[in-house]
Amino acid sequence: MSRKLAIGIIGTGGIARYHAEAYRKLDYVEVVAVADVVPGRARQFADSLGLRDAQAFDGHEELLKLDLDGVSICTPNVSHHRTSVDALRAGKNVLLEKPMSVTLDQAIDMAQASRQSGRMLTIGFQPRYDPNMKKLQEIVQSGRLGNVYYVETGGGRRRGMPGGTFIRKDLAGAGAMADIGCYSLDLALNTLGHPRPLTVSAFTSNRFGTNKLYHPEAERFEVEDFGVALVRFENDLVLQFKISWAMHMDTLGPTLFLGSDAGLKVTPAGTGPWSGVWDGSIGSMTMYYDDFGGHTETRVPLIEHKINLFDAKVHDFAEALRDGRPAPIPGHQILIQQAIIDGVLRSAEQRREVSVELPASLTE
Ligand SMILES: NC(=O)c1ccc[n+]([C@@H]2O[C@H](COP(=O)([O-])OP(=O)(O)OC[C@H]3O[C@@H](n4cnc5c(N)ncnc54)[C@H](O)[C@@H]3O)[C@@H](O)[C@H]2O)c1
């Protein structure tokens, strides 16, 4: 290609640095502009990374007037909708940080903006780049488990509650469900091939977040710190999904896939206090089945790798731009999990099972 891909970064806080560092490793990409709503922060960010030629703006609108191939959106959840819709309408391709949005309506709007503009909207779920996640998907989709009828996933931290924008309902939408549950849902849905959800019955709780003993911002805590849901899908498949930011327990258990011919137990890698949730790699995979007239189990050999999953997702976006490929993790796929989270919150509030409201863009 004759010229470098011109990239902008919107939101220059913690995660933006990882985007900038990942782009820096590609010789065909240049970060030419950065923007943040806090005056001066974008300039400071660019200078601290040695991006002295990059233009810096105190807001995304001016940045979007530039001739850019793509933007990374690294703002808090509440700004994902506005910034990505504006970027798509301005003709930019978008790599958006997870979770996709605060509400289902926003996610629908974003997917429509992508479709109408013909620009890609890809959502940054880096665990998909773990080769063992791909292997898990291959095993389940190969039919080796037979007919998969039950999946249990999620994860829990004994204590790991963020604060700030993460605990405000209007800014984050949901708590643990949106923050870390989105990874578990993506693992399950992507492995299963994005089945169609029908109903949700859920319970959520905030016993830790609202207790000053456990959270310094207890008085401002408006979201759930724990949630559990039973999601029914087409074709007699159910998913039990549970997630916690805090609990008096060491684990909420492994991820399970039960099929008519075999079952698969999967655990996440990582042993730190904030581990035990699906924001990284696979730690083990064991298949259970009957053979030779008895119960048998096989430890699935894991692929050893040193892939930087975060870099891999940023590089895949850049490669898709360079090679004219479609969005690696398209927004319309992630709409399914937004619809489930929306159902979880409605069901928990109404204390009954509710239908999942599938966006028209998925049903058309
Ligand atoms: N994929 C991952 O592993 C991962 C890890 C951490 C955070 N995240 C996601 O990244 C996003 C950002 O998280 P963070 O930890 O970097 O937050 P942060 O608060 O450190 O940074 C966000 C920045 O965006 C700026 N901002 C807010 N609204 C803006 C707007 N409209 N236009 C431009 N700038 C704006 C803020 O001033 C701030 O500098 C969140 O959605 C979070 O869920 C993803």
# chains A, B, ... in the order shown; residues from 1 in each chain; ligands from 1
call {"tool": "closest_atom_pairs", "arguments": {"of": "chain A", "to": "ligand 1", "cutoff": "7 Å", "atoms": "only C-alpha atoms and all ligand atoms", "output": "JSON lines"}}
result
{"residue": "A:Ile10", "atom": "CA", "partner": "ligand 1", "partner_atom_place_in_ligand_line": "33 (C)", "distance": 5.0}
{"residue": "A:Gly11", "atom": "CA", "partner": "ligand 1", "partner_atom_place_in_ligand_line": "34 (N)", "distance": 3.5}
{"residue": "A:Thr12", "atom": "CA", "partner": "ligand 1", "partner_atom_place_in_ligand_line": "39 (O)", "distance": 4.7}
{"residue": "A:Gly13", "atom": "CA", "partner": "ligand 1", "partner_atom_place_in_ligand_line": "21 (O)", "distance": 3.2}
{"residue": "A:Gly14", "atom": "CA", "partner": "ligand 1", "partner_atom_place_in_ligand_line": "16 (O)", "distance": 3.7}
{"residue": "A:Ile15", "atom": "CA", "partner": "ligand 1", "partner_atom_place_in_ligand_line": "16 (O)", "distance": 3.8}
{"residue": "A:Ala16", "atom": "CA", "partner": "ligand 1", "partner_atom_place_in_ligand_line": "16 (O)", "distance": 5.8}
{"residue": "A:Ala35", "atom": "CA", "partner": "ligand 1", "partner_atom_place_in_ligand_line": "33 (C)", "distance": 5.5}
{"residue": "A:Asp36", "atom": "CA", "partner": "ligand 1", "partner_atom_place_in_ligand_line": "34 (N)", "distance": 3.5}
{"residue": "A:Val37", "atom": "CA", "partner": "ligand 1", "partner_atom_place_in_ligand_line": "34 (N)", "distance": 4.5}
{"residue": "A:Val38", "atom": "CA", "partner": "ligand 1", "partner_atom_place_in_ligand_line": "37 (O)", "distance": 5.0}
{"residue": "A:Arg41", "atom": "CA", "partner": "ligand 1", "partner_atom_place_in_ligand_line": "39 (O)", "distance": 6.9}
{"residue": "A:Gly59", "atom": "CA", "partner": "ligand 1", "partner_atom_place_in_ligand_line": "32 (N)", "distance": 5.2}
{"residue": "A:His60", "atom": "CA", "partner": "ligand 1", "partner_atom_place_in_ligand_line": "32 (N)", "distance": 5.2}
{"residue": "A:Cys74", "atom": "CA", "partner": "ligand 1", "partner_atom_place_in_ligand_line": "12 (C)", "distance": 4.6}
{"residue": "A:Thr75", "atom": "CA", "partner": "ligand 1", "partner_atom_place_in_ligand_line": "24 (O)", "distance": 3.7}
{"residue": "A:Pro76", "atom": "CA", "partner": "ligand 1", "partner_atom_place_in_ligand_line": "40 (C)", "distance": 4.3}
{"residue": "A:Asn77", "atom": "CA", "partner": "ligand 1", "partner_atom_place_in_ligand_line": "41 (O)", "distance": 4.2}
{"residue": "A:Ser79", "atom": "CA", "partner": "ligand 1", "partner_atom_place_in_ligand_line": "31 (N)", "distance": 5.1}
{"residue": "A:Thr83", "atom": "CA", "partner": "ligand 1", "partner_atom_place_in_ligand_line": "31 (N)", "distance": 6.2}
{"residue": "A:Glu97", "atom": "CA", "partner": "ligand 1", "partner_atom_place_in_ligand_line": "10 (O)", "distance": 5.0}
{"residue": "A:Lys98", "atom": "CA", "partner": "ligand 1", "partner_atom_place_in_ligand_line": "43 (O)", "distance": 5.2}
{"residue": "A:Pro99", "atom": "CA", "partner": "ligand 1", "partner_atom_place_in_ligand_line": "43 (O)", "distance": 5.8}
{"residue": "A:Gly124", "atom": "CA", "partner": "ligand 1", "partner_atom_place_in_ligand_line": "1 (N)", "distance": 6.0}
{"residue": "A:Phe125", "atom": "CA", "partner": "ligand 1", "partner_atom_place_in_ligand_line": "1 (N)", "distance": 6.2}
{"residue": "A:Gln126", "atom": "CA", "partner": "ligand 1", "partner_atom_place_in_ligand_line": "1 (N)", "distance": 6.5}
{"residue": "A:Asp179", "atom": "CA", "partner": "ligand 1", "partner_atom_place_in_ligand_line": "43 (O)", "distance": 6.2}
{"residue": "A:Asp279", "atom": "CA", "partner": "ligand 1", "partner_atom_place_in_ligand_line": "3 (O)", "distance": 6.9}
call {"tool": "write_last_selection", "arguments": {"atoms": "N, CA and C atoms", "output": "compact mmCIF listing (two decimals), in the first residue's frame"}}
result
# COMPACT_ATOMS: atom_id res chain seq x y z
N ILE A 10 -10.04 8.13 20.16
CA ILE A 10 -10.99 8.99 20.89
C ILE A 10 -11.08 8.48 22.32
N GLY A 11 -10.78 9.35 23.28
CA GLY A 11 -10.71 8.95 24.69
C GLY A 11 -9.28 8.51 24.96
N THR A 12 -8.56 9.29 25.76
CA THR A 12 -7.14 8.99 25.96
C THR A 12 -6.84 8.67 27.42
N GLY A 13 -7.62 7.77 27.99
CA GLY A 13 -7.39 7.32 29.36
C GLY A 13 -6.57 6.04 29.38
N GLY A 14 -6.90 5.17 30.34
CA GLY A 14 -6.10 3.97 30.59
C GLY A 14 -5.95 3.03 29.41
N ILE A 15 -7.06 2.64 28.79
CA ILE A 15 -6.98 1.58 27.77
C ILE A 15 -6.46 2.13 26.43
N ALA A 16 -6.61 3.43 26.22
CA ALA A 16 -6.17 4.05 24.96
C ALA A 16 -4.67 3.83 24.75
N ALA A 35 -8.13 12.51 20.72
CA ALA A 35 -9.10 13.45 21.27
C ALA A 35 -9.56 12.99 22.64
N ASP A 36 -9.80 13.97 23.51
CA ASP A 36 -10.36 13.68 24.84
C ASP A 36 -11.16 14.89 25.28
N VAL A 37 -12.21 14.66 26.06
CA VAL A 37 -13.04 15.79 26.50
C VAL A 37 -12.37 16.62 27.59
N VAL A 38 -11.41 16.06 28.27
CA VAL A 38 -10.70 16.84 29.30
C VAL A 38 -9.66 17.71 28.59
N ARG A 41 -5.75 16.92 27.84
CA ARG A 41 -5.38 15.52 28.11
C ARG A 41 -4.90 14.79 26.86
N GLY A 59 -12.15 17.08 22.12
CA GLY A 59 -13.48 16.60 21.75
C GLY A 59 -13.37 15.82 20.46
N HIS A 60 -14.32 14.89 20.24
CA HIS A 60 -14.17 14.00 19.07
C HIS A 60 -14.62 14.62 17.76
N CYS A 74 -12.15 4.70 22.90
CA CYS A 74 -11.70 4.25 24.22
C CYS A 74 -12.29 5.12 25.31
N THR A 75 -13.53 5.54 25.13
CA THR A 75 -14.20 6.38 26.11
C THR A 75 -14.96 5.49 27.10
N PRO A 76 -15.43 6.04 28.22
CA PRO A 76 -16.29 5.25 29.11
C PRO A 76 -17.56 4.78 28.38
N ASN A 77 -18.18 3.73 28.89
CA ASN A 77 -19.33 3.10 28.22
C ASN A 77 -20.38 4.11 27.78
N SER A 79 -20.25 6.96 26.64
CA SER A 79 -19.97 7.73 25.43
C SER A 79 -19.81 6.85 24.19
N THR A 83 -20.12 8.66 20.28
CA THR A 83 -18.85 8.77 19.54
C THR A 83 -18.82 7.80 18.36
N GLU A 97 -14.18 -0.16 22.16
CA GLU A 97 -13.94 -0.96 23.36
C GLU A 97 -15.24 -1.58 23.88
N LYS A 98 -15.12 -2.69 24.58
CA LYS A 98 -16.27 -3.34 25.18
C LYS A 98 -16.70 -2.59 26.44
N PRO A 99 -17.94 -2.72 26.91
CA PRO A 99 -19.07 -3.35 26.23
C PRO A 99 -19.59 -2.44 25.12
N GLY A 124 -14.22 -4.71 20.67
CA GLY A 124 -12.93 -5.25 21.11
C GLY A 124 -12.97 -6.33 22.17
N PHE A 125 -13.31 -7.54 21.78
CA PHE A 125 -13.27 -8.67 22.73
C PHE A 125 -11.99 -9.46 22.48
N GLN A 126 -10.91 -9.09 23.16
CA GLN A 126 -9.62 -9.73 22.87
C GLN A 126 -9.53 -11.22 23.21
N ASP A 179 -19.76 -5.16 32.73
CA ASP A 179 -18.32 -4.98 32.82
C ASP A 179 -17.56 -6.27 32.51
N ASP A 279 -11.87 -12.71 30.97
CA ASP A 279 -11.29 -11.57 30.26
C ASP A 279 -9.90 -11.92 29.75
call {"tool": "residues_around", "arguments": {"residues": "A:Lys242", "least_positions_apart": "6", "cutoff": "6 Å", "atoms": "only C-alpha atoms", "output": "compact mmCIF listing (two decimals) with N, CA and C atoms, in the first residue's frame"}}
result
# COMPACT_ATOMS: atom_id res chain seq x y z
N GLY A 154 -19.85 -17.85 33.15
CA GLY A 154 -19.80 -16.69 34.01
C GLY A 154 -18.52 -16.72 34.80
N GLY A 227 -25.20 -11.24 39.52
CA GLY A 227 -26.36 -11.54 38.69
C GLY A 227 -26.34 -12.98 38.25
N VAL A 228 -27.54 -13.56 38.14
CA VAL A 228 -27.66 -14.92 37.61
C VAL A 228 -28.87 -14.95 36.69
call {"tool": "select_by_dssp", "arguments": {"residues": "stretch 172-352 of chain A", "states": "strand (DSSP E or B)", "output": "JSON, numbers by chain"}}
result
{"A": [197, 198, 199, 200, 201, 202, 203, 204, 205, 226, 227, 228, 229, 230, 231, 232, 233, 237, 238, 239, 240, 241, 242, 243, 244, 246, 255, 256, 257, 258, 259, 263, 264, 265, 266, 267, 268, 282, 283, 284, 285, 286, 287, 288, 289, 290, 291, 294, 295, 296, 297, 298, 299, 330]}
call {"tool": "write_last_selection", "arguments": {"atoms": "N, CA and C atoms", "output": "short mmCIF file (atom, residue, chain, number, x, y, z; two decimals), in the first residue's frame"}}
result
data_model
loop_
_atom_site.label_atom_id
_atom_site.label_comp_id
_atom_site.auth_asym_id
_atom_site.auth_seq_id
_atom_site.Cartn_x
_atom_site.Cartn_y
_atom_site.Cartn_z
N PRO A 197 -31.67 -16.04 21.21
CA PRO A 197 -32.28 -16.12 22.54
C PRO A 197 -33.78 -15.82 22.49
N LEU A 198 -34.54 -16.49 23.36
CA LEU A 198 -35.99 -16.29 23.39
C LEU A 198 -36.45 -15.61 24.67
N THR A 199 -36.02 -16.17 25.84
CA THR A 199 -36.48 -15.61 27.12
C THR A 199 -35.33 -15.57 28.13
N VAL A 200 -35.53 -14.76 29.17
CA VAL A 200 -34.55 -14.67 30.26
C VAL A 200 -35.30 -14.64 31.58
N SER A 201 -34.80 -15.40 32.55
CA SER A 201 -35.29 -15.27 33.93
C SER A 201 -34.07 -14.98 34.78
N ALA A 202 -34.07 -13.83 35.46
CA ALA A 202 -32.83 -13.40 36.11
C ALA A 202 -33.07 -12.85 37.51
N PHE A 203 -32.00 -12.84 38.27
CA PHE A 203 -31.97 -12.25 39.61
C PHE A 203 -30.68 -11.45 39.71
N THR A 204 -30.75 -10.26 40.25
CA THR A 204 -29.52 -9.50 40.49
C THR A 204 -29.52 -8.99 41.94
N SER A 205 -28.34 -8.64 42.43
CA SER A 205 -28.23 -8.18 43.80
C SER A 205 -27.09 -7.17 43.91
N PHE A 226 -23.88 -8.65 41.52
CA PHE A 226 -24.06 -10.09 41.29
C PHE A 226 -25.27 -10.28 40.40
N GLY A 227 -25.20 -11.24 39.52
CA GLY A 227 -26.36 -11.54 38.69
C GLY A 227 -26.34 -12.98 38.25
N VAL A 228 -27.54 -13.56 38.14
CA VAL A 228 -27.66 -14.92 37.61
C VAL A 228 -28.87 -14.95 36.69
N ALA A 229 -28.75 -15.69 35.59
CA ALA A 229 -29.85 -15.71 34.63
C ALA A 229 -29.93 -17.06 33.93
N LEU A 230 -31.16 -17.47 33.64
CA LEU A 230 -31.37 -18.63 32.79
C LEU A 230 -31.91 -18.11 31.46
N VAL A 231 -31.15 -18.34 30.41
CA VAL A 231 -31.53 -17.84 29.08
C VAL A 231 -31.94 -19.03 28.22
N ARG A 232 -33.16 -18.95 27.69
CA ARG A 232 -33.62 -19.99 26.76
C ARG A 232 -33.35 -19.55 25.33
N PHE A 233 -32.86 -20.49 24.52
CA PHE A 233 -32.60 -20.21 23.11
C PHE A 233 -33.48 -21.11 22.25
N LEU A 237 -32.00 -25.14 23.76
CA LEU A 237 -30.70 -24.88 24.37
C LEU A 237 -30.92 -23.88 25.50
N VAL A 238 -30.32 -24.15 26.67
CA VAL A 238 -30.40 -23.15 27.74
C VAL A 238 -28.99 -22.80 28.22
N LEU A 239 -28.89 -21.56 28.68
CA LEU A 239 -27.61 -21.05 29.20
C LEU A 239 -27.86 -20.53 30.60
N GLN A 240 -27.08 -21.03 31.54
CA GLN A 240 -27.10 -20.44 32.87
C GLN A 240 -25.88 -19.55 32.99
N PHE A 241 -26.13 -18.31 33.35
CA PHE A 241 -25.09 -17.30 33.28
C PHE A 241 -25.03 -16.61 34.64
N LYS A 242 -23.85 -16.59 35.25
CA LYS A 242 -23.75 -15.98 36.59
C LYS A 242 -22.46 -15.18 36.68
N ILE A 243 -22.53 -14.09 37.36
CA ILE A 243 -21.37 -13.20 37.38
C ILE A 243 -21.35 -12.43 38.69
N SER A 244 -20.17 -12.23 39.24
CA SER A 244 -20.12 -11.44 40.48
C SER A 244 -18.84 -10.63 40.56
N ALA A 246 -18.25 -9.36 43.57
CA ALA A 246 -17.90 -9.57 44.98
C ALA A 246 -18.80 -10.65 45.56
N THR A 255 -16.83 -23.13 33.35
CA THR A 255 -17.79 -23.08 32.25
C THR A 255 -18.03 -24.51 31.77
N LEU A 256 -19.30 -24.86 31.59
CA LEU A 256 -19.65 -26.23 31.19
C LEU A 256 -20.46 -26.21 29.90
N PHE A 257 -20.15 -27.14 29.02
CA PHE A 257 -20.98 -27.39 27.83
C PHE A 257 -21.46 -28.83 27.93
N LEU A 258 -22.77 -29.05 28.07
CA LEU A 258 -23.29 -30.42 28.14
C LEU A 258 -23.92 -30.78 26.80
N GLY A 259 -23.45 -31.88 26.22
CA GLY A 259 -24.01 -32.34 24.95
C GLY A 259 -24.49 -33.77 25.09
N GLY A 263 -19.40 -33.97 27.28
CA GLY A 263 -19.44 -32.69 27.99
C GLY A 263 -18.05 -32.09 28.01
N LEU A 264 -17.99 -30.76 28.15
CA LEU A 264 -16.70 -30.09 28.15
C LEU A 264 -16.66 -29.12 29.32
N LYS A 265 -15.59 -29.24 30.13
CA LYS A 265 -15.41 -28.33 31.26
C LYS A 265 -14.23 -27.41 30.94
N VAL A 266 -14.43 -26.12 31.11
CA VAL A 266 -13.41 -25.15 30.73
C VAL A 266 -13.18 -24.19 31.90
N THR A 267 -11.90 -23.95 32.22
CA THR A 267 -11.61 -22.98 33.29
C THR A 267 -10.74 -21.85 32.73
N PRO A 268 -10.91 -20.66 33.28
CA PRO A 268 -10.07 -19.56 32.81
C PRO A 268 -8.66 -19.65 33.37
N ILE A 282 -7.75 -19.36 28.26
CA ILE A 282 -8.25 -20.60 28.85
C ILE A 282 -7.15 -21.28 29.66
N GLY A 283 -7.51 -21.78 30.86
CA GLY A 283 -6.54 -22.46 31.72
C GLY A 283 -6.55 -23.97 31.55
N SER A 284 -7.75 -24.52 31.35
CA SER A 284 -7.84 -25.98 31.11
C SER A 284 -9.15 -26.30 30.39
N MET A 285 -9.11 -27.43 29.68
CA MET A 285 -10.30 -27.92 28.97
C MET A 285 -10.33 -29.44 29.11
N THR A 286 -11.42 -29.97 29.65
CA THR A 286 -11.52 -31.42 29.83
C THR A 286 -12.82 -31.91 29.22
N MET A 287 -12.71 -32.98 28.45
CA MET A 287 -13.91 -33.54 27.84
C MET A 287 -14.32 -34.81 28.57
N TYR A 288 -15.61 -34.97 28.84
CA TYR A 288 -16.16 -36.14 29.55
C TYR A 288 -17.11 -36.87 28.60
N TYR A 289 -16.94 -38.20 28.50
CA TYR A 289 -17.80 -38.99 27.63
C TYR A 289 -17.71 -40.44 28.06
N ASP A 290 -18.49 -41.30 27.44
CA ASP A 290 -18.42 -42.73 27.74
C ASP A 290 -17.69 -43.44 26.62
N ASP A 291 -16.79 -44.35 26.99
CA ASP A 291 -16.08 -45.15 25.98
C ASP A 291 -15.62 -46.44 26.65
N GLY A 294 -17.42 -47.47 29.79
CA GLY A 294 -17.38 -46.73 31.06
C GLY A 294 -17.16 -45.25 30.85
N HIS A 295 -17.07 -44.54 31.98
CA HIS A 295 -16.86 -43.10 31.91
C HIS A 295 -15.40 -42.79 31.61
N THR A 296 -15.18 -41.90 30.68
CA THR A 296 -13.82 -41.55 30.27
C THR A 296 -13.68 -40.03 30.27
N GLU A 297 -12.50 -39.58 30.54
CA GLU A 297 -12.27 -38.14 30.38
C GLU A 297 -10.94 -37.90 29.71
N THR A 298 -10.91 -36.86 28.93
CA THR A 298 -9.69 -36.51 28.19
C THR A 298 -9.36 -35.06 28.43
N ARG A 299 -8.15 -34.83 28.85
CA ARG A 299 -7.68 -33.45 29.02
C ARG A 299 -7.31 -32.94 27.62
N PRO A 330 -18.22 -8.11 14.44
CA PRO A 330 -19.17 -7.08 14.03
C PRO A 330 -20.19 -6.73 15.10
#
call {"tool": "select_by_dssp", "arguments": {"residues": "stretch 91-129 of chain A", "states": "helix (DSSP H, G or I)", "output": "mmCIF file with C-alpha atoms, in the first residue's frame"}}
result
data_model
loop_
_atom_site.group_PDB
_atom_site.id
_atom_site.type_symbol
_atom_site.label_atom_id
_atom_site.label_comp_id
_atom_site.auth_asym_id
_atom_site.auth_seq_id
_atom_site.Cartn_x
_atom_site.Cartn_y
_atom_site.Cartn_z
ATOM 1 C CA LEU A 104 -30.038 -2.080 23.759
ATOM 2 C CA ASP A 105 -31.567 0.846 21.846
ATOM 3 C CA GLN A 106 -28.133 2.443 21.583
ATOM 4 C CA ALA A 107 -26.610 -0.790 20.289
ATOM 5 C CA ILE A 108 -29.332 -1.048 17.621
ATOM 6 C CA ASP A 109 -28.670 2.546 16.574
ATOM 7 C CA MET A 110 -24.940 1.846 16.336
ATOM 8 C CA ALA A 111 -25.380 -1.304 14.249
ATOM 9 C CA GLN A 112 -27.740 0.610 11.931
ATOM 10 C CA ALA A 113 -25.242 3.459 11.589
ATOM 11 C CA SER A 114 -22.626 0.919 10.556
ATOM 12 C CA ARG A 115 -24.922 -0.639 7.996
ATOM 13 C CA GLN A 116 -26.100 2.700 6.575
ATOM 14 C CA SER A 117 -22.605 4.170 6.332
ATOM 15 C CA GLN A 126 -9.621 -9.733 22.867
ATOM 16 C CA PRO A 127 -10.215 -13.220 24.393
ATOM 17 C CA ARG A 128 -11.418 -14.276 20.941
ATOM 18 C CA TYR A 129 -7.784 -14.109 19.833
#
call {"tool": "residues_around", "arguments": {"residues": "stretch 305-318 of chain A", "least_positions_apart": "2", "cutoff": "9 Å", "atoms": "only C-alpha atoms", "output": "number ranges by chain"}}
result
A: 5, 18-19, 21-23, 25-26, 28-29, 70, 72, 94-95, 122, 124-131, 280-281, 303, 320-323, 327-328
call {"tool": "write_last_selection", "arguments": {"atoms": "N, CA and C atoms", "output": "CSV table (one decimal), in the first residue's frame"}}
result
chain,number,residue,atom,x,y,z
A,5,LEU,N,-2.0,3.7,7.0
A,5,LEU,CA,-3.4,3.9,7.4
A,5,LEU,C,-3.3,5.0,8.5
A,18,TYR,N,-2.9,1.3,25.5
A,18,TYR,CA,-2.7,-0.1,24.9
A,18,TYR,C,-3.0,-0.1,23.4
A,19,HIS,N,-4.0,0.7,23.0
A,19,HIS,CA,-4.3,0.8,21.6
A,19,HIS,C,-3.2,1.5,20.8
A,21,GLU,N,0.0,1.8,21.7
A,21,GLU,CA,1.2,0.9,21.7
A,21,GLU,C,1.0,-0.2,20.7
A,22,ALA,N,-0.2,-0.8,20.5
A,22,ALA,CA,-0.4,-1.8,19.6
A,22,ALA,C,-0.3,-1.3,18.1
A,23,TYR,N,-0.8,-0.1,17.9
A,23,TYR,CA,-0.7,0.5,16.5
A,23,TYR,C,0.8,0.7,16.2
A,25,LYS,N,3.3,-0.9,16.7
A,25,LYS,CA,4.0,-2.1,16.3
A,25,LYS,C,3.8,-2.4,14.8
A,26,LEU,N,2.9,-1.6,14.2
A,26,LEU,CA,2.6,-1.9,12.7
A,26,LEU,C,3.2,-0.8,11.9
A,28,TYR,N,2.7,-0.1,8.9
A,28,TYR,CA,1.8,0.5,7.9
A,28,TYR,C,0.6,1.3,8.5
A,29,VAL,N,0.8,1.6,9.8
A,29,VAL,CA,-0.2,2.4,10.5
A,29,VAL,C,0.4,3.6,11.2
A,70,GLY,N,-9.6,4.9,10.2
A,70,GLY,CA,-10.3,4.3,11.3
A,70,GLY,C,-10.0,5.0,12.6
A,72,SER,N,-10.1,4.3,17.0
A,72,SER,CA,-10.3,3.5,18.2
A,72,SER,C,-11.1,4.3,19.2
A,94,VAL,N,-14.6,1.8,12.8
A,94,VAL,CA,-14.5,2.0,14.2
A,94,VAL,C,-14.1,0.7,14.9
A,95,LEU,N,-13.1,0.8,15.7
A,95,LEU,CA,-12.8,-0.3,16.7
A,95,LEU,C,-13.3,0.2,18.1
A,122,THR,N,-16.4,-2.7,14.8
A,122,THR,CA,-16.0,-4.0,15.4
A,122,THR,C,-15.8,-3.7,16.9
A,124,GLY,N,-14.2,-4.7,20.7
A,124,GLY,CA,-12.9,-5.3,21.1
A,124,GLY,C,-13.0,-6.3,22.2
A,125,PHE,N,-13.3,-7.5,21.8
A,125,PHE,CA,-13.3,-8.7,22.7
A,125,PHE,C,-12.0,-9.5,22.5
A,126,GLN,N,-10.9,-9.1,23.2
A,126,GLN,CA,-9.6,-9.7,22.9
A,126,GLN,C,-9.5,-11.2,23.2
A,127,PRO,N,-10.3,-11.8,24.2
A,127,PRO,CA,-10.2,-13.2,24.4
A,127,PRO,C,-10.5,-14.1,23.1
A,128,ARG,N,-11.2,-13.5,22.2
A,128,ARG,CA,-11.4,-14.3,20.9
A,128,ARG,C,-10.1,-14.6,20.2
A,129,TYR,N,-9.1,-13.9,20.5
A,129,TYR,CA,-7.8,-14.1,19.8
A,129,TYR,C,-6.9,-15.1,20.5
A,130,ASP,N,-7.4,-15.7,21.6
A,130,ASP,CA,-6.7,-16.8,22.3
A,130,ASP,C,-6.9,-18.0,21.4
A,131,PRO,N,-5.8,-18.7,20.9
A,131,PRO,CA,-6.0,-19.9,20.1
A,131,PRO,C,-6.8,-21.0,20.8
A,280,GLY,N,-9.6,-13.2,29.7
A,280,GLY,CA,-8.3,-13.6,29.2
A,280,GLY,C,-8.3,-14.9,28.5
A,281,SER,N,-7.4,-15.8,28.9
A,281,SER,CA,-7.2,-17.0,28.2
A,281,SER,C,-7.8,-18.2,28.9
A,303,ILE,N,-3.0,-25.2,23.4
A,303,ILE,CA,-1.9,-24.6,22.5
A,303,ILE,C,-1.1,-23.6,23.4
A,320,ALA,N,-7.8,-5.7,8.8
A,320,ALA,CA,-9.1,-5.7,8.1
A,320,ALA,C,-9.2,-4.4,7.2
A,321,LEU,N,-8.8,-3.3,7.8
A,321,LEU,CA,-8.8,-2.0,7.0
A,321,LEU,C,-7.9,-2.1,5.8
A,322,ARG,N,-6.7,-2.6,6.1
A,322,ARG,CA,-5.7,-2.7,5.0
A,322,ARG,C,-6.2,-3.6,3.9
A,323,ASP,N,-6.7,-4.8,4.3
A,323,ASP,CA,-7.1,-5.8,3.3
A,323,ASP,C,-8.5,-5.7,2.8
A,327,ALA,N,-15.7,-6.4,9.3
A,327,ALA,CA,-15.4,-6.2,10.7
A,327,ALA,C,-15.1,-7.6,11.4
A,328,PRO,N,-14.0,-7.7,12.1
A,328,PRO,CA,-13.6,-9.0,12.7
A,328,PRO,C,-14.7,-9.4,13.8
call {"tool": "decode", "arguments": {"residues": "stretch 330-346 of chain A", "atoms": "C-alpha atoms", "output": "PDB file, in the first residue's frame"}}
result
ATOM      1  CA  PRO A 330     -19.171  -7.077  14.026  1.00  0.00           C
ATOM      2  CA  GLY A 331     -21.490  -4.952  16.123  1.00  0.00           C
ATOM      3  CA  HIS A 332     -24.587  -6.730  14.804  1.00  0.00           C
ATOM      4  CA  GLN A 333     -23.238  -9.987  16.338  1.00  0.00           C
ATOM      5  CA  ILE A 334     -22.699  -8.332  19.732  1.00  0.00           C
ATOM      6  CA  LEU A 335     -26.290  -7.033  19.635  1.00  0.00           C
ATOM      7  CA  ILE A 336     -27.373 -10.505  20.808  1.00  0.00           C
ATOM      8  CA  GLN A 337     -25.562 -10.136  24.122  1.00  0.00           C
ATOM      9  CA  GLN A 338     -26.852  -6.594  24.549  1.00  0.00           C
ATOM     10  CA  ALA A 339     -30.377  -7.974  24.072  1.00  0.00           C
ATOM     11  CA  ILE A 340     -29.697 -10.645  26.715  1.00  0.00           C
ATOM     12  CA  ILE A 341     -28.291  -8.110  29.220  1.00  0.00           C
ATOM     13  CA  ASP A 342     -31.323  -5.902  28.564  1.00  0.00           C
ATOM     14  CA  GLY A 343     -33.555  -8.926  29.286  1.00  0.00           C
ATOM     15  CA  VAL A 344     -31.605  -9.744  32.460  1.00  0.00           C
ATOM     16  CA  LEU A 345     -32.143  -6.243  33.850  1.00  0.00           C
ATOM     17  CA  ARG A 346     -35.857  -6.221  32.962  1.00  0.00           C
TER      18      ARG A 346
END
